[in-house]
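Engineer: So here's data-v2.tsv, just TSV, C-alpha atoms:
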```tsv
chain	number	residue	atom	x	y	z
A	1	GLY	CA	-27.12	20.03	13.38
A	2	ARG	CA	-27.29	16.30	14.31
A	3	ARG	CA	-29.02	15.34	11.10
A	4	VAL	CA	-28.06	13.97	7.69
A	5	ARG	CA	-29.74	14.40	4.33
A	6	VAL	CA	-30.53	11.02	2.74
A	7	ARG	CA	-31.86	9.92	-0.62
A	8	ASP	CA	-33.91	6.76	-1.17
A	9	VAL	CA	-32.20	5.30	-4.24
A	10	ASP	CA	-34.79	2.50	-4.52
A	11	SER	CA	-37.91	4.66	-4.40
A	12	GLY	CA	-38.17	4.94	-8.16
A	13	ALA	CA	-39.10	8.61	-7.87
A	14	ALA	CA	-37.97	11.16	-10.39
A	15	ALA	CA	-34.74	13.11	-9.90
A	16	GLY	CA	-32.97	10.17	-8.25
A	17	GLY	CA	-35.35	9.29	-5.42
A	18	ASP	CA	-37.08	10.85	-2.43
A	19	GLU	CA	-34.93	12.93	-0.07
A	20	ARG	CA	-35.45	13.64	3.61
A	21	TRP	CA	-33.59	14.67	6.75
A	22	HIS	CA	-32.67	11.94	9.24
A	23	GLY	CA	-31.65	12.82	12.79
A	24	TYR	CA	-28.87	11.12	14.77
A	25	ASP	CA	-27.48	10.95	18.29
A	26	LYS	CA	-24.15	9.50	17.18
A	27	LEU	CA	-22.73	9.46	13.65
A	28	VAL	CA	-20.07	7.18	12.16
A	29	ILE	CA	-18.48	8.15	8.84
A	30	ALA	CA	-17.04	5.15	6.98
A	31	THR	CA	-17.08	6.30	3.36
A	32	GLY	CA	-13.83	4.58	2.44
A	33	ALA	CA	-11.63	5.63	-0.46
A	34	ARG	CA	-12.12	6.17	-4.15
A	35	PRO	CA	-9.74	4.81	-6.80
A	36	LEU	CA	-7.78	7.32	-8.84
A	37	ARG	CA	-9.22	7.41	-12.34
A	38	PRO	CA	-7.64	10.25	-14.31
A	39	PRO	CA	-9.80	12.02	-16.93
A	40	LEU	CA	-7.99	10.47	-19.88
A	41	PRO	CA	-9.60	10.07	-23.29
A	42	GLY	CA	-11.05	6.55	-23.52
A	43	ILE	CA	-10.78	5.84	-19.78
A	44	ASP	CA	-14.41	4.64	-19.66
A	45	ALA	CA	-14.17	2.35	-22.69
A	46	PRO	CA	-15.28	-1.29	-22.36
A	47	GLY	CA	-12.32	-3.41	-21.31
A	48	VAL	CA	-10.84	-0.79	-18.96
A	49	HIS	CA	-11.17	-1.88	-15.33
A	50	GLY	CA	-10.45	-0.58	-11.86
A	51	VAL	CA	-10.26	-3.08	-9.00
A	52	GLN	CA	-11.51	-1.32	-5.89
A	53	THR	CA	-14.47	-3.54	-4.94
A	54	LEU	CA	-15.56	-7.17	-5.26
A	55	ASP	CA	-17.96	-6.08	-8.01
A	56	ASP	CA	-15.01	-4.54	-9.85
A	57	GLY	CA	-13.18	-7.83	-9.58
A	58	GLN	CA	-16.15	-9.74	-10.92
A	59	ALA	CA	-16.46	-7.33	-13.85
A	60	LEU	CA	-12.80	-7.93	-14.70
A	61	LEU	CA	-13.30	-11.69	-14.48
A	62	ASP	CA	-16.28	-11.39	-16.85
A	63	THR	CA	-14.12	-9.55	-19.38
A	64	LEU	CA	-11.36	-12.14	-19.09
A	65	GLY	CA	-13.96	-14.83	-19.65
A	66	GLU	CA	-15.08	-13.14	-22.88
A	67	LEU	CA	-11.45	-13.07	-24.06
A	68	GLU	CA	-10.68	-16.66	-23.10
A	69	ARG	CA	-10.56	-17.91	-26.70
A	70	THR	CA	-8.67	-14.89	-28.04
A	71	GLU	CA	-5.25	-15.73	-29.46
A	72	GLY	CA	-2.28	-13.67	-28.29
A	73	ARG	CA	-4.18	-11.99	-25.45
A	74	ARG	CA	-2.54	-8.79	-24.26
A	75	ALA	CA	-3.05	-6.89	-21.03
A	76	VAL	CA	-1.79	-3.50	-19.93
A	77	VAL	CA	-1.64	-2.61	-16.24
A	78	VAL	CA	-1.39	1.11	-15.45
A	79	GLY	CA	0.47	1.63	-12.18
A	80	ALA	CA	3.00	-0.54	-10.34
A	81	GLY	CA	1.94	-0.33	-6.71
A	82	TYR	CA	0.44	-3.23	-4.74
A	83	ILE	CA	-2.63	-3.57	-6.94
A	84	GLY	CA	-0.75	-3.14	-10.19
A	85	VAL	CA	1.91	-5.72	-9.36
A	86	GLU	CA	-0.62	-8.26	-8.06
A	87	MET	CA	-2.84	-7.78	-11.13
A	88	ALA	CA	0.17	-8.28	-13.39
A	89	GLU	CA	0.87	-11.60	-11.68
A	90	ALA	CA	-2.76	-12.71	-11.97
A	91	LEU	CA	-2.89	-11.85	-15.68
A	92	ILE	CA	0.37	-13.53	-16.59
A	93	ARG	CA	-0.82	-16.68	-14.82
A	94	ARG	CA	-3.89	-16.57	-17.08
A	95	GLY	CA	-1.72	-16.61	-20.18
A	96	TYR	CA	-1.70	-12.92	-21.09
A	97	ALA	CA	1.26	-10.99	-22.41
A	98	VAL	CA	1.47	-8.30	-19.72
A	99	THR	CA	2.89	-4.79	-19.88
A	100	VAL	CA	3.02	-2.61	-16.77
A	101	LEU	CA	3.22	1.15	-17.34
A	102	ASN	CA	4.70	2.93	-14.36
A	103	ARG	CA	5.35	6.65	-13.95
A	104	ASP	CA	7.85	6.11	-11.11
A	105	GLU	CA	11.52	5.22	-11.32
A	106	GLN	CA	10.89	1.63	-10.20
A	107	PRO	CA	7.84	-0.52	-9.39
A	108	MET	CA	6.49	-0.54	-5.83
A	109	PRO	CA	6.73	3.14	-4.82
A	110	THR	CA	6.18	1.94	-1.24
A	111	LEU	CA	9.83	0.84	-1.38
A	112	ASP	CA	12.98	2.86	-1.92
A	113	PRO	CA	14.08	2.79	-5.59
A	114	ASP	CA	17.02	0.45	-4.92
A	115	MET	CA	14.67	-2.13	-3.39
A	116	GLY	CA	12.07	-1.51	-6.10
A	117	ALA	CA	14.76	-2.42	-8.63
A	118	LEU	CA	14.83	-5.94	-7.16
A	119	VAL	CA	11.09	-6.21	-7.77
A	120	HIS	CA	11.58	-4.95	-11.34
A	121	GLU	CA	14.22	-7.61	-11.95
A	122	ALA	CA	11.91	-10.33	-10.64
A	123	MET	CA	8.99	-9.11	-12.78
A	124	CYS	CA	11.16	-9.21	-15.88
A	125	GLY	CA	12.15	-12.76	-14.97
A	126	LEU	CA	8.46	-13.70	-14.95
A	127	GLY	CA	7.99	-12.29	-18.43
A	128	ILE	CA	6.20	-9.11	-17.29
A	129	GLU	CA	7.31	-6.13	-19.37
A	130	THR	CA	7.67	-3.16	-17.03
A	131	VAL	CA	8.08	0.33	-18.49
A	132	ASN	CA	9.18	2.79	-15.81
A	133	GLY	CA	9.23	6.57	-15.95
A	134	THR	CA	6.35	6.82	-18.41
A	135	THR	CA	3.01	8.64	-18.35
A	136	VAL	CA	-0.21	7.37	-19.93
A	137	THR	CA	-1.86	10.01	-22.11
A	138	LYS	CA	-4.95	8.23	-23.48
A	139	ILE	CA	-6.75	4.95	-24.03
A	140	LEU	CA	-7.24	4.04	-27.68
A	141	THR	CA	-10.35	2.21	-28.86
A	142	GLY	CA	-11.26	0.19	-31.93
A	143	GLU	CA	-14.25	0.51	-34.26
A	144	ASP	CA	-16.35	-1.51	-31.79
A	145	GLY	CA	-15.60	1.03	-29.05
A	146	ARG	CA	-13.57	-1.43	-26.97
A	147	VAL	CA	-10.06	-0.74	-25.77
A	148	ARG	CA	-7.33	-1.65	-28.27
A	149	ALA	CA	-4.23	0.08	-26.88
A	150	VAL	CA	-2.80	2.38	-24.24
A	151	ALA	CA	-0.83	5.42	-25.41
A	152	THR	CA	2.02	7.13	-23.58
A	153	GLU	CA	3.98	10.18	-24.65
A	154	ASP	CA	6.32	7.97	-26.68
A	155	GLU	CA	4.61	4.66	-27.51
A	156	GLU	CA	1.40	2.71	-28.01
A	157	TYR	CA	0.93	-0.60	-26.19
A	158	PRO	CA	-1.69	-2.98	-27.65
A	159	ALA	CA	-4.25	-4.21	-25.13
A	160	ASP	CA	-7.31	-6.47	-25.07
A	161	VAL	CA	-7.86	-5.51	-21.43
A	162	VAL	CA	-6.55	-2.66	-19.26
A	163	VAL	CA	-6.36	-2.67	-15.47
A	164	LEU	CA	-5.93	0.55	-13.51
A	165	GLY	CA	-3.86	0.34	-10.34
A	166	LEU	CA	-3.22	4.00	-9.60
A	167	GLY	CA	-4.01	4.05	-5.90
A	168	VAL	CA	-6.84	5.64	-3.93
A	169	ARG	CA	-7.76	8.87	-2.18
A	170	PRO	CA	-10.01	9.30	0.88
A	171	GLU	CA	-13.69	9.65	-0.06
A	172	THR	CA	-14.35	12.74	2.05
A	173	GLU	CA	-16.23	15.15	-0.22
A	174	LEU	CA	-19.31	14.94	2.03
A	175	ALA	CA	-17.17	15.53	5.12
A	176	ARG	CA	-15.41	18.45	3.44
A	177	ALA	CA	-18.75	20.02	2.51
A	178	ALA	CA	-19.87	19.68	6.13
A	179	GLY	CA	-16.76	21.51	7.35
A	180	LEU	CA	-15.17	18.57	9.17
A	181	PRO	CA	-11.37	18.71	9.70
A	182	LEU	CA	-9.22	17.07	7.00
A	183	GLY	CA	-5.49	16.33	6.89
A	184	PRO	CA	-2.88	16.88	4.16
A	185	SER	CA	-4.02	13.79	2.22
A	186	GLY	CA	-7.69	14.77	2.45
A	187	GLY	CA	-8.53	12.21	5.13
A	188	LEU	CA	-10.62	12.97	8.19
A	189	LEU	CA	-8.67	13.80	11.34
A	190	THR	CA	-9.62	11.95	14.53
A	191	ASP	CA	-8.39	11.60	18.09
A	192	LEU	CA	-7.18	8.33	19.59
A	193	SER	CA	-10.77	7.15	20.14
A	194	MET	CA	-11.46	7.68	16.39
A	195	ARG	CA	-13.74	10.61	17.23
A	196	VAL	CA	-13.56	13.38	14.62
A	197	ARG	CA	-11.56	16.22	16.12
A	198	GLY	CA	-13.78	18.91	17.60
A	199	TYR	CA	-17.03	16.92	17.27
A	200	GLU	CA	-18.31	15.10	20.34
A	201	ASP	CA	-20.65	12.61	18.65
A	202	ILE	CA	-19.06	12.00	15.23
A	203	TRP	CA	-16.58	9.17	14.64
A	204	ALA	CA	-14.75	8.10	11.47
A	205	GLY	CA	-12.70	5.09	10.47
A	206	GLY	CA	-11.33	3.07	7.58
A	207	ASP	CA	-9.89	4.40	4.34
A	208	CYS	CA	-11.49	7.84	4.78
A	209	VAL	CA	-9.27	8.86	7.73
A	210	GLU	CA	-5.68	9.85	8.36
A	211	VAL	CA	-3.98	8.25	11.34
A	212	LEU	CA	-0.92	9.03	13.43
A	213	ASP	CA	2.38	7.66	12.15
A	214	LEU	CA	4.20	6.58	15.31
A	215	VAL	CA	7.61	6.94	13.64
A	216	SER	CA	7.32	10.39	12.07
A	217	GLY	CA	4.75	11.88	14.45
A	218	ARG	CA	2.68	13.11	11.46
A	219	THR	CA	-0.68	11.94	10.15
A	220	ARG	CA	-0.78	9.64	7.12
A	221	HIS	CA	-3.41	8.11	4.87
A	222	ILE	CA	-2.83	4.35	4.65
A	223	ALA	CA	-5.67	2.45	3.01
A	224	LEU	CA	-5.35	-1.06	4.46
A	225	GLY	CA	-7.98	-3.45	5.72
A	226	THR	CA	-5.97	-4.29	8.85
A	227	HIS	CA	-6.28	-0.70	10.06
A	228	ALA	CA	-9.93	-0.36	9.01
A	229	ASN	CA	-10.84	-3.49	10.97
A	230	LYS	CA	-9.23	-2.11	14.13
A	231	HIS	CA	-10.88	1.29	13.60
A	232	GLY	CA	-14.27	-0.40	13.46
A	233	GLN	CA	-13.63	-2.30	16.66
A	234	VAL	CA	-12.53	0.88	18.48
A	235	ILE	CA	-15.48	2.91	17.16
A	236	GLY	CA	-17.95	0.16	18.06
A	237	ALA	CA	-16.67	0.03	21.62
A	238	ASN	CA	-16.84	3.81	22.06
A	239	VAL	CA	-20.21	4.34	20.41
A	240	GLY	CA	-21.57	1.50	22.53
A	241	GLY	CA	-20.55	3.20	25.77
A	242	GLY	CA	-17.16	1.58	26.35
A	243	TYR	CA	-13.67	2.95	25.83
A	244	ALA	CA	-10.99	1.95	23.35
A	245	THR	CA	-8.21	3.70	21.46
A	246	PHE	CA	-6.27	3.34	18.22
A	247	PRO	CA	-2.79	4.69	19.01
A	248	GLY	CA	-1.45	4.82	15.46
A	249	VAL	CA	0.48	2.87	12.84
A	250	VAL	CA	4.03	2.26	11.67
A	251	GLY	CA	3.13	1.64	8.03
A	252	THR	CA	3.53	-2.13	7.75
A	253	ALA	CA	2.53	-3.83	4.50
A	254	VAL	CA	3.35	-7.07	2.71
A	255	SER	CA	2.67	-8.28	-0.82
A	256	LYS	CA	3.96	-10.72	-3.41
A	257	VAL	CA	4.44	-11.22	-7.12
A	258	CYS	CA	4.50	-14.94	-7.85
A	259	ASP	CA	7.08	-16.30	-5.37
A	260	LEU	CA	8.71	-12.94	-4.62
A	261	GLU	CA	7.69	-11.54	-1.23
A	262	ILE	CA	7.76	-7.77	-0.70
A	263	ALA	CA	7.44	-6.10	2.71
A	264	ARG	CA	8.03	-2.76	4.37
A	265	THR	CA	7.41	-0.98	7.66
A	266	GLY	CA	8.29	2.46	8.96
A	267	LEU	CA	9.68	5.23	6.79
A	268	LEU	CA	11.30	5.25	3.37
A	269	GLU	CA	14.33	7.46	2.79
A	270	ALA	CA	12.23	10.16	1.09
A	271	GLN	CA	9.68	10.09	3.92
A	272	ALA	CA	12.36	10.42	6.59
A	273	THR	CA	13.89	13.36	4.74
A	274	ALA	CA	10.48	15.01	4.30
A	275	VAL	CA	9.87	15.10	8.06
A	276	GLY	CA	13.38	16.32	8.86
A	277	LEU	CA	14.87	13.09	10.20
A	278	ARG	CA	18.58	12.46	9.59
A	279	TYR	CA	19.41	8.81	9.07
A	280	VAL	CA	21.86	6.15	8.01
A	281	SER	CA	20.78	3.26	5.81
A	282	VAL	CA	22.24	-0.20	5.29
A	283	THR	CA	21.33	-3.13	3.05
A	284	VAL	CA	22.28	-6.75	3.65
A	285	GLU	CA	21.85	-9.91	1.63
A	286	SER	CA	21.17	-12.97	3.74
A	287	THR	CA	19.21	-16.22	3.45
A	288	SER	CA	15.80	-17.41	4.58
A	289	ARG	CA	17.20	-20.57	6.23
A	290	ALA	CA	20.56	-21.87	7.39
A	291	GLY	CA	22.88	-21.80	4.38
A	292	TYR	CA	23.33	-25.57	4.29
A	293	TYR	CA	19.62	-26.35	4.60
A	294	PRO	CA	17.70	-27.44	1.45
A	295	GLY	CA	15.51	-24.77	-0.11
A	296	THR	CA	17.50	-21.81	1.19
A	297	ARG	CA	16.76	-18.63	-0.82
A	298	PRO	CA	18.40	-15.19	-0.85
A	299	MET	CA	16.80	-12.22	0.91
A	300	HIS	CA	17.59	-8.50	0.87
A	301	VAL	CA	16.92	-6.41	3.99
A	302	LYS	CA	17.28	-2.62	4.04
A	303	MET	CA	17.22	-0.77	7.37
A	304	LEU	CA	17.08	2.93	8.25
A	305	ALA	CA	18.22	4.23	11.64
A	306	GLU	CA	18.25	7.75	13.05
A	307	ARG	CA	21.65	9.37	13.26
A	308	ARG	CA	23.19	9.70	16.71
A	309	THR	CA	20.29	8.00	18.57
A	310	GLY	CA	20.18	4.81	16.48
A	311	ARG	CA	16.38	4.72	16.70
A	312	LEU	CA	14.95	2.33	14.12
A	313	LEU	CA	13.13	4.27	11.39
A	314	GLY	CA	12.21	1.70	8.77
A	315	VAL	CA	12.79	-1.72	7.22
A	316	GLN	CA	12.21	-3.07	3.72
A	317	ILE	CA	12.51	-6.74	2.75
A	318	VAL	CA	12.51	-8.39	-0.68
A	319	GLY	CA	13.00	-12.14	-0.98
A	320	ARG	CA	11.39	-15.51	-1.52
A	321	GLU	CA	9.55	-17.87	0.82
A	322	GLY	CA	9.93	-16.86	4.44
A	323	ALA	CA	10.97	-13.27	3.73
A	324	GLY	CA	7.80	-11.20	3.93
A	325	LYS	CA	6.52	-11.88	7.43
A	326	ARG	CA	9.92	-11.14	8.94
A	327	VAL	CA	8.90	-7.50	8.63
A	328	ASP	CA	6.73	-8.05	11.71
A	329	ILE	CA	9.89	-8.17	13.85
A	330	ALA	CA	10.69	-4.64	12.72
A	331	ALA	CA	7.07	-3.50	13.12
A	332	VAL	CA	7.13	-4.48	16.80
A	333	ALA	CA	10.53	-2.83	17.27
A	334	LEU	CA	9.24	0.39	15.67
A	335	THR	CA	6.13	0.40	17.84
A	336	ALA	CA	8.30	-0.04	20.93
A	337	GLY	CA	10.68	2.76	19.84
A	338	MET	CA	13.70	0.46	19.92
A	339	THR	CA	17.16	1.33	18.69
A	340	VAL	CA	18.96	-0.88	16.19
A	341	GLU	CA	21.47	-1.77	18.91
A	342	GLU	CA	18.66	-2.96	21.17
A	343	MET	CA	17.32	-5.04	18.30
A	344	THR	CA	20.55	-7.01	18.01
A	345	ALA	CA	19.78	-8.63	21.39
A	346	LEU	CA	16.27	-9.79	20.45
A	347	ASP	CA	15.66	-13.42	21.39
A	348	LEU	CA	14.21	-14.75	18.13
A	349	GLY	CA	13.37	-18.34	17.35
A	350	TYR	CA	16.06	-20.32	15.56
A	351	ALA	CA	16.22	-23.65	13.79
A	352	PRO	CA	17.92	-24.36	10.43
A	353	PRO	CA	14.61	-24.85	8.53
A	354	PHE	CA	13.46	-21.36	9.55
A	355	SER	CA	16.46	-19.07	9.84
A	356	PRO	CA	20.24	-18.74	9.97
A	357	VAL	CA	21.69	-18.43	13.48
A	358	TRP	CA	21.59	-14.67	12.97
A	359	ASP	CA	18.20	-13.80	11.50
A	360	PRO	CA	18.48	-11.49	8.44
A	361	VAL	CA	16.71	-8.68	10.29
A	362	LEU	CA	19.24	-8.91	13.12
A	363	VAL	CA	22.12	-8.99	10.62
A	364	ALA	CA	20.78	-5.71	9.24
A	365	ALA	CA	20.42	-4.33	12.78
A	366	ARG	CA	24.07	-5.17	13.53
A	367	LYS	CA	25.21	-3.45	10.36
A	368	ALA	CA	23.02	-0.43	11.12
A	369	THR	CA	24.45	-0.25	14.65
A	370	SER	CA	27.96	-0.12	13.19
A	371	ALA	CA	26.87	2.56	10.69
A	372	VAL	CA	25.39	4.74	13.45
A	373	ALA	CA	28.57	4.39	15.52
A	374	ALA	CA	30.77	5.22	12.53
A	375	ASP	CA	28.65	8.27	11.77
A	376	VAL	CA	29.00	9.50	15.36
A	377	ARG	CA	32.79	9.04	15.25
A	378	ALA	CA	32.98	10.89	11.93
A	379	ARG	CA	31.34	13.90	13.57
```
Show me, as structure tokens, the structure contained in the file I just sent.

Structural biologist:
Amino acid sequence: GRRVRVRDVDSGAAAGGDERWHGYDKLVIATGARPLRPPLPGIDAPGVHGVQTLDDGQALLDTLGELERTEGRRAVVVGAGYIGVEMAEALIRRGYAVTVLNRDEQPMPTLDPDMGALVHEAMCGLGIETVNGTTVTKILTGEDGRVRAVATEDEEYPADVVVLGLGVRPETELARAAGLPLGPSGGLLTDLSMRVRGYEDIWAGGDCVEVLDLVSGRTRHIALGTHANKHGQVIGANVGGGYATFPGVVGTAVSKVCDLEIARTGLLEAQATAVGLRYVSVTVESTSRAGYYPGTRPMHVKMLAERRTGRLLGVQIVGREGAGKRVDIAAVALTAGMTVEEMTALDLGYAPPFSPVWDPVLVAARKATSAVAADVRAR
């Protein structure tokens, strides 16, 4: 009906403020995502924090400030994705004994389990206790009402502060109620111009949408600021009378825990299987610099390639300094639809301080090329 119902939250009126209808010519929906906060007993107790917004971060800092003089400070992080791992690092740097409770087989579910195991090993080396394959059942509080422990099915873990890092879901309840089209993850579906499908003058962008995965051909919800920024630029151009498109993503992300760099792009093994792609996978261990150069560190690269065609499907990298941003090589190759054999001829920059003669990504591409050829011969 080209109008939205709005409430004045600052009016001071009873029942939450004055409401009225507001007409529009063009509408942009940018409601973002909401953090997962399961309805566990004690989840709203003082000392339990999510970290979705800057205000959330400030609230956590305030709690840490109150605990600064506490002896033997203990923190429990629930979830071992990007936020959970980064929060664990931040807390251990502040002198907390940190326990990470993770329901998955390994930390970083954005990696395959074998690569996640490398992250687990590094976290243990930093003194972060990581408990995998466990489910939190409740938050326990003391007589003062503050958090004192986190309970799982088998154990209780003492805590002065708890951080939730359980991921997010698209905030699309308003869109759902209005009958707008949603995808499998609950995100709004748009065309390449970020216009909501079937609606001429409604656009959507950011963490509330699903976008095309260029590798699988399906839509995915990926809540990253890099995508949201591009969505905003495209929407602004189109709403303003110009023309721009957002063609899709390949699922590139990079993170770190202390000096360990973690990166991925494209599909994981489970994701490739879920969309019916048959693949070969290889893993190589290489180095960030020429082997004889000072400061050289090991790096693991895992690569997935489609059977028969050799099309690159995904890359995961775990290593130290100089490892993470190498994933961008694979992201470009995925966007271009390259095969692993074509990747072996890429003209990458080389000097001993930056790379071996054969960059680790190209070493993986060579091994993947051989694996694809061997698979073809075996058939």

Engineer: Please, what distance in Å, to one decimal, runs between atom CA of A:Leu362 and atom CA of A:Thr344?

Structural biologist: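 Atom-to-atom, atom CA of A:Leu362 and atom CA of A:Thr344 are spaced 5.4 Å apart.
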
Engineer: Using all atoms listed in the file, find the one residue out of A:Thr252, A:Ser355, A:Thr273, A:Thr265 that sits nearest to A:Ser288.

Structural biologist: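 Checking each of A:Thr252, A:Ser355, A:Thr273, A:Thr265 against A:Ser288, counting all atoms listed in the file, the winner is A:Ser355.
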
Engineer: How far is it from atom CA of A:Val376 to atom CA of A:Ala336, in Å with one decimal?

Structural biologist: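 If I compute the distance from atom CA of A:Val376 to atom CA of A:Ala336, I get 23.5 Å.
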
Engineer: Using all atoms listed in the file, can you list as a list in words the residues within 10 Å of (5.4, 11.7, -25.1)?

Structural biologist: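 Every residue inside that radius is included here: Thr134, Thr135, Val136, Thr137, Ala151, Thr152, Glu153, Asp154 and Glu155 of chain A.
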
Engineer: Tell me, as a list of chain:residue names, which residues lie within 10 Å of A:Pro247, counting all atoms listed in the file; anything in the same chain fewer than 2 positions away does not count.

Structural biologist: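 Surrounding residues, per the criterion: A:Asp191, A:Leu192, A:Ser193, A:Met194, A:Val211, A:Leu212, A:Asp213, A:Leu214, A:Ala244, A:Thr245, A:Val249, A:Thr335.
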
Engineer: Let me make sure I understand: among A:Ala364, A:Val85, A:Ala204, A:Ala90, which one has the smallest atom-to-atom distance to A:Val119 if we use all atoms listed in the file?

Structural biologist: A:Val85

Engineer: For A:Asp359, which residue among A:Cys124, A:Leu140, A:Ile29, A:Ala345 is the nearest when counting only C-alpha atoms?

Structural biologist: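 Looking only at the distances to A:Asp359, the closest residue turns out to be A:Ala345.
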
Engineer: Which of these residues is nearest to A:Thr172, using all atoms listed in the file: A:Gly116, A:Gly84, A:Pro158, A:Gly32?

Structural biologist: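 Distance minimum relative to A:Thr172 lands on A:Gly32.
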
Engineer: Can you tell me which residues surround A:Leu174 at a distance of at most 12 Å, considering only C-alpha atoms, apart from same-chain residues fewer than 5 positions away, and format the answer as a VMD selection string?

Structural biologist: chain A and resid 4 to 6 29 to 32 179 to 182 186 to 188 208
